[in-house]
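To keep things clear, I will list the structure first and then write my remarks on it.
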Amino acid sequence: MTLARVLSAIDDDLDAALGRLCDLLAIPSISTDPAHADDCARAADWLVADLAALGFEARACPTPGHPMVVAHGGSGDGPHVLFYGHYDVQPVDPLELWNRPPFEPALEDTPKGRVIRARGASDDKGQLMTFIEACRAWTAVNGSLPGRITIFLEGEEESGSPSLVPFLKDNTETLKADIALICDTGLFADRVPGIVTQLRGLVGEQVTIHGPDKDLHSGMFGGIAMNPARVLARLLAGLHDDTGRVTLPCFYDGVPPLPDDLRAQWDGLNFDATAFLHEVGLSVPAGEHGKTPLEMIWSQPTCEINGMWSGYTGAGFKTVLPAQAHAKVSFRLVGQQDPLAIRDAFRAYVRGNLPADCTAEFHDHGASPASQMATDHPAFERARGALSDEWPAEAAFVGSGGSIPVAGYFKSILDMDSMLIGFAKDDDALHSPNEKYDVESFHKGMRSWARILAALNPS
């Protein structure tokens, strides 16, 4: 059987695959730092050369920022897949907290198993290389890829993807496929795989309440003058009722009910909310009453206060009545919630509840809708079965509390659903010092993609 021989080839080639990953990890492709522009180009060229060696037609495409890597290969009647990853990495600061140089990758034995230690090991070079190595094994064993594959690797994901949308719009025909595969997520638990099928959208707002034209002496003006900090505190407190529901009018328009089959899968994950909260020093779920913990994280919208400040906040004490008060508020969205309507509702709520002598000023910080994948596409169930065959626990369709904009762009620009499948773990220290990627995640990630490619292209 071809798949069995491909899996055996992956096992036999593991040490060489780790060596190739370490070569890529040694390139400091920090996209946010102009000093590393040449390193980003070098990483793109490294990937182009590696993909070309596997038979792909590969090239580094220039953008106003860092290059995009695009490669085409394979043939067949099965679904044409587009694989997405990113080769750029986060800055390494604070450098003094690293136990070894971040761009000198090394294998380390830890109490939980062997890991690859380096910046980008998990986010996202280790993850994207799991797919490339699966393609390598298929080519080595079969002489060709198991189907039509386009690989699309970005170099600006960690710096806000400024070139992504224009590039997608300018290269729609080149990139369009039947379905996208995105490897920038993680396992549900240490050895429990999942396919992310729901991503929450995001609205960010900064609000400033203006009152008196200067800070005032609280002894002279306290009680008679309106205090913007008190106004802001009341407004923020009023965003939720006693059951945890958001009070903005029409906020829940477009929030879909959780399908019974998905609820059953989530219940089968046996998520331990107490242990989850214990890891961050908490104990009791604080979200909307009547919702399960996974619903709160994955399928329900949120309104959160991310920061608030006003008046004197330095050492000691200064008895002032502040002239301004500020807050940053974010909304995570699900289903068909309209991010612009949510923004308008928030601003109308603030303006409609201001007392005399106060005004409000707003600054937006992005607005993107939620993404929900059509899991009735046959590729989803085939991929779930393939993952279940590789890992000790059955894979599930899961949600994500975060936002991965590229999946939404693939849908809105390329009219293509995405399967988000990754093998990172919660303790990988993404964006932090001493980032790592488990060798097991790398090894079983390669095997997982080999199985998924076989399942999508049955002979």
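Ordering of the structure tokens sets the chain letters (A, B, ...), residue numbers begin anew at 1 in every chain, and ligands are numbered from 1 in the order given.
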Determine which residues of stretch 124-318 of chain A DSSP labels as helix (DSSP H, G or I) from the backbone of this structure, then write them out as JSON, numbers by chain.
{"A": [125, 126, 127, 128, 129, 130, 131, 132, 133, 134, 135, 136, 137, 138, 139, 140, 141, 142, 157, 158, 159, 164, 165, 166, 167, 168, 169, 170, 172, 173, 174, 175, 218, 219, 220, 221, 228, 229, 230, 231, 232, 233, 234, 235, 236, 237, 260, 261, 262, 263, 264, 265, 266, 267, 268, 273, 274, 275, 276, 277, 278, 293, 294, 295, 296, 297, 298, 299]}
Could you produce a table of the residues of stretch 20-65 of chain A lying within 12 Å of stretch 85-105 of chain A, with the nearest pair of atoms per residue and their separation in Å rounded to one decimal, using only C-alpha atoms, ordered by chain and increasing residue number, as CSV?
```
residue,atom,partner,partner_atom,distance
A:Arg20,CA,A:Pro105,CA,11.0
A:Leu21,CA,A:Pro105,CA,8.9
A:Cys22,CA,A:Pro105,CA,5.7
A:Asp23,CA,A:Pro105,CA,8.3
A:Leu24,CA,A:Tyr87,CA,8.8
A:Leu25,CA,A:Phe103,CA,6.3
A:Ala26,CA,A:Phe103,CA,4.7
A:Ile27,CA,A:Phe103,CA,6.8
A:Pro28,CA,A:Phe103,CA,6.3
A:Ser29,CA,A:Asp88,CA,5.1
A:Ile30,CA,A:Val89,CA,5.0
A:Ser31,CA,A:Asp88,CA,5.6
A:Thr32,CA,A:Pro91,CA,7.4
A:Asp33,CA,A:Pro91,CA,7.8
A:Pro34,CA,A:Pro91,CA,11.5
A:Ala35,CA,A:Pro91,CA,11.5
A:His36,CA,A:Asp88,CA,10.1
A:Ala37,CA,A:Asp88,CA,10.3
A:Asp38,CA,A:Asp88,CA,11.9
A:Asp39,CA,A:Asp88,CA,9.4
A:Cys40,CA,A:Asp88,CA,6.7
A:Ala41,CA,A:Asp88,CA,9.9
A:Arg42,CA,A:Tyr87,CA,10.5
A:Ala43,CA,A:Tyr87,CA,7.0
A:Ala44,CA,A:Tyr87,CA,7.4
A:Asp45,CA,A:Tyr87,CA,10.9
A:Trp46,CA,A:Tyr87,CA,10.3
A:Leu47,CA,A:Tyr87,CA,8.8
A:Val48,CA,A:Tyr87,CA,11.6
A:Gly65,CA,A:Asp88,CA,11.8
```
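For the atom pair formed by atom CA of A:Thr150 and atom CA of A:His72, the distance is 4.5 Å, given to one decimal.
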Identify, on the basis of only C-alpha atoms, every residue whose closest approach to A:Gly73 does not exceed 10 Å; exclude the query and any residue fewer than 3 positions from it along the same chain; express the result as a ChimeraX atom specification.
/A:51-52,54-58,135,144-151
Store the residues of this selection in a file with C-alpha atoms, as a short mmCIF file (atom, residue, chain, number, x, y, z; two decimals), in the first residue's frame.
```cif
data_model
loop_
_atom_site.label_atom_id
_atom_site.label_comp_id
_atom_site.auth_asym_id
_atom_site.auth_seq_id
_atom_site.Cartn_x
_atom_site.Cartn_y
_atom_site.Cartn_z
CA LEU A 51 10.22 23.09 -3.12
CA ALA A 52 11.84 23.14 -6.56
CA LEU A 54 10.64 18.28 -4.89
CA GLY A 55 9.38 19.03 -8.39
CA PHE A 56 7.25 22.09 -7.63
CA GLU A 57 7.24 25.08 -9.94
CA ALA A 58 8.26 27.52 -7.22
CA CYS A 135 5.12 16.08 0.13
CA SER A 144 4.84 12.28 -7.73
CA LEU A 145 2.49 14.13 -5.39
CA PRO A 146 -0.86 12.50 -4.57
CA GLY A 147 -2.89 15.33 -6.14
CA ARG A 148 -2.85 18.96 -7.23
CA ILE A 149 -1.14 21.12 -4.61
CA THR A 150 -0.41 24.83 -4.44
CA ILE A 151 1.81 26.03 -1.60
#
```
Can you pull out the residues contacting A:Val141? Cut-off 7 Å, using only C-alpha atoms, and skip same-chain residues under 3 positions away; I want them as an NGL selection string.
:A and (5-6 or 137-138)
Distance in Å - atom CA of A:Asp428 versus atom CA of A:Arg117:
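Atom CA of A:Arg117 lies 9.4 Å from atom CA of A:Asp428.
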Looking at only C-alpha atoms, which of A:Ser441, A:Val203, A:Asp344, A:Phe188 is the one that sits closest to A:Asp272?
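Using only C-alpha atoms, the shortest distance to A:Asp272 belongs to A:Phe188.
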Would you mind listing what lies within 12 Å of A:Asp213 as a ChimeraX atom specification, with only C-alpha atoms counted and same-chain residues fewer than 4 positions away left out?
/A:209,225-228,321-324,357-359
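Note that atom CA of A:Ala134 and atom CA of A:Ser75 are 16.3 Å apart.
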Which residues come within 10 Å of A:Asp415, counting only C-alpha atoms, excluding same-chain residues fewer than 4 positions away, as a PyMOL selection string?
chain A and resi 172+176-179+408-411
Point out the residue among A:Val439, A:Asn171, A:Pro193, A:Gln265 with the least atom-to-atom distance to A:Asp109, counting only C-alpha atoms.
A:Val439
Test item: residues at most 8 Å from A:Arg447, only C-alpha atoms, excluding those fewer than 3 positions along its chain, as a PDB file with N, CA and C atoms, in the first residue's frame:
```
ATOM      1  N   LEU A   7       4.454   6.574   4.942  1.00  0.00           N
ATOM      2  CA  LEU A   7       4.628   6.739   6.393  1.00  0.00           C
ATOM      3  C   LEU A   7       5.954   6.155   6.846  1.00  0.00           C
ATOM      4  N   ILE A  10       8.703   8.564   5.982  1.00  0.00           N
ATOM      5  CA  ILE A  10       8.752   9.676   6.935  1.00  0.00           C
ATOM      6  C   ILE A  10       9.493   9.258   8.199  1.00  0.00           C
ATOM      7  N   ALA A 134       5.872  15.984   4.246  1.00  0.00           N
ATOM      8  CA  ALA A 134       4.910  14.984   3.773  1.00  0.00           C
ATOM      9  C   ALA A 134       4.931  14.907   2.253  1.00  0.00           C
ATOM     10  N   GLU A 390      -4.111   8.608  12.889  1.00  0.00           N
ATOM     11  CA  GLU A 390      -2.709   8.851  13.273  1.00  0.00           C
ATOM     12  C   GLU A 390      -2.531   9.045  14.768  1.00  0.00           C
ATOM     13  N   HIS A 443       6.984  15.048  13.974  1.00  0.00           N
ATOM     14  CA  HIS A 443       6.945  13.720  13.365  1.00  0.00           C
ATOM     15  C   HIS A 443       5.513  13.313  13.011  1.00  0.00           C
ATOM     16  N   LYS A 444       4.618  13.391  13.990  1.00  0.00           N
ATOM     17  CA  LYS A 444       3.240  12.988  13.729  1.00  0.00           C
ATOM     18  C   LYS A 444       2.517  14.005  12.847  1.00  0.00           C
ATOM     19  N   ALA A 450       0.504  13.383   5.457  1.00  0.00           N
ATOM     20  CA  ALA A 450       0.582  12.302   4.469  1.00  0.00           C
ATOM     21  C   ALA A 450      -0.729  11.544   4.407  1.00  0.00           C
ATOM     22  N   ARG A 451      -1.320  11.281   5.570  1.00  0.00           N
ATOM     23  CA  ARG A 451      -2.605  10.587   5.614  1.00  0.00           C
ATOM     24  C   ARG A 451      -3.727  11.450   5.016  1.00  0.00           C
TER      25      ARG A 451
END
```
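Residues of stretch 337-427 of chain A that DSSP places in strand (DSSP E), based on the backbone of this structure, are Thr359, Ala360, Glu361, Phe362, His363, Asp364, His365, Gly366, Ala367, Ser368, Ser371, Gln372, Ala396, Phe397, Val398, Gly399, Ser400, Ser418, Met419 and Leu420 of chain A.
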Output file for the selection above: C-alpha atoms, as a compact mmCIF listing (two decimals), in the first residue's frame:
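In the end it all went to out-v1.txt:
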```txt
# COMPACT_ATOMS: atom_id res chain seq x y z
CA THR A 359 -18.01 64.17 25.32
CA ALA A 360 -16.63 60.98 23.80
CA GLU A 361 -13.85 60.44 21.28
CA PHE A 362 -13.28 57.11 19.50
CA HIS A 363 -10.38 55.45 17.69
CA ASP A 364 -10.95 52.16 15.89
CA HIS A 365 -8.44 49.29 15.96
CA GLY A 366 -9.67 47.01 13.19
CA ALA A 367 -12.91 45.21 12.39
CA SER A 368 -13.07 41.72 10.88
CA SER A 371 -15.23 32.74 9.79
CA GLN A 372 -17.27 29.55 9.83
CA ALA A 396 -12.94 16.69 16.41
CA PHE A 397 -14.17 19.80 14.65
CA VAL A 398 -13.28 22.54 17.12
CA GLY A 399 -13.51 26.29 17.42
CA SER A 400 -10.91 28.90 18.15
CA SER A 418 -10.20 26.45 4.95
CA MET A 419 -9.27 23.54 7.16
CA LEU A 420 -7.05 24.76 9.98
```
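Closest to A:Asp389 among A:Lys214, A:Ile452, A:Gly74, A:Leu294 is A:Ile452, based on only C-alpha atoms.
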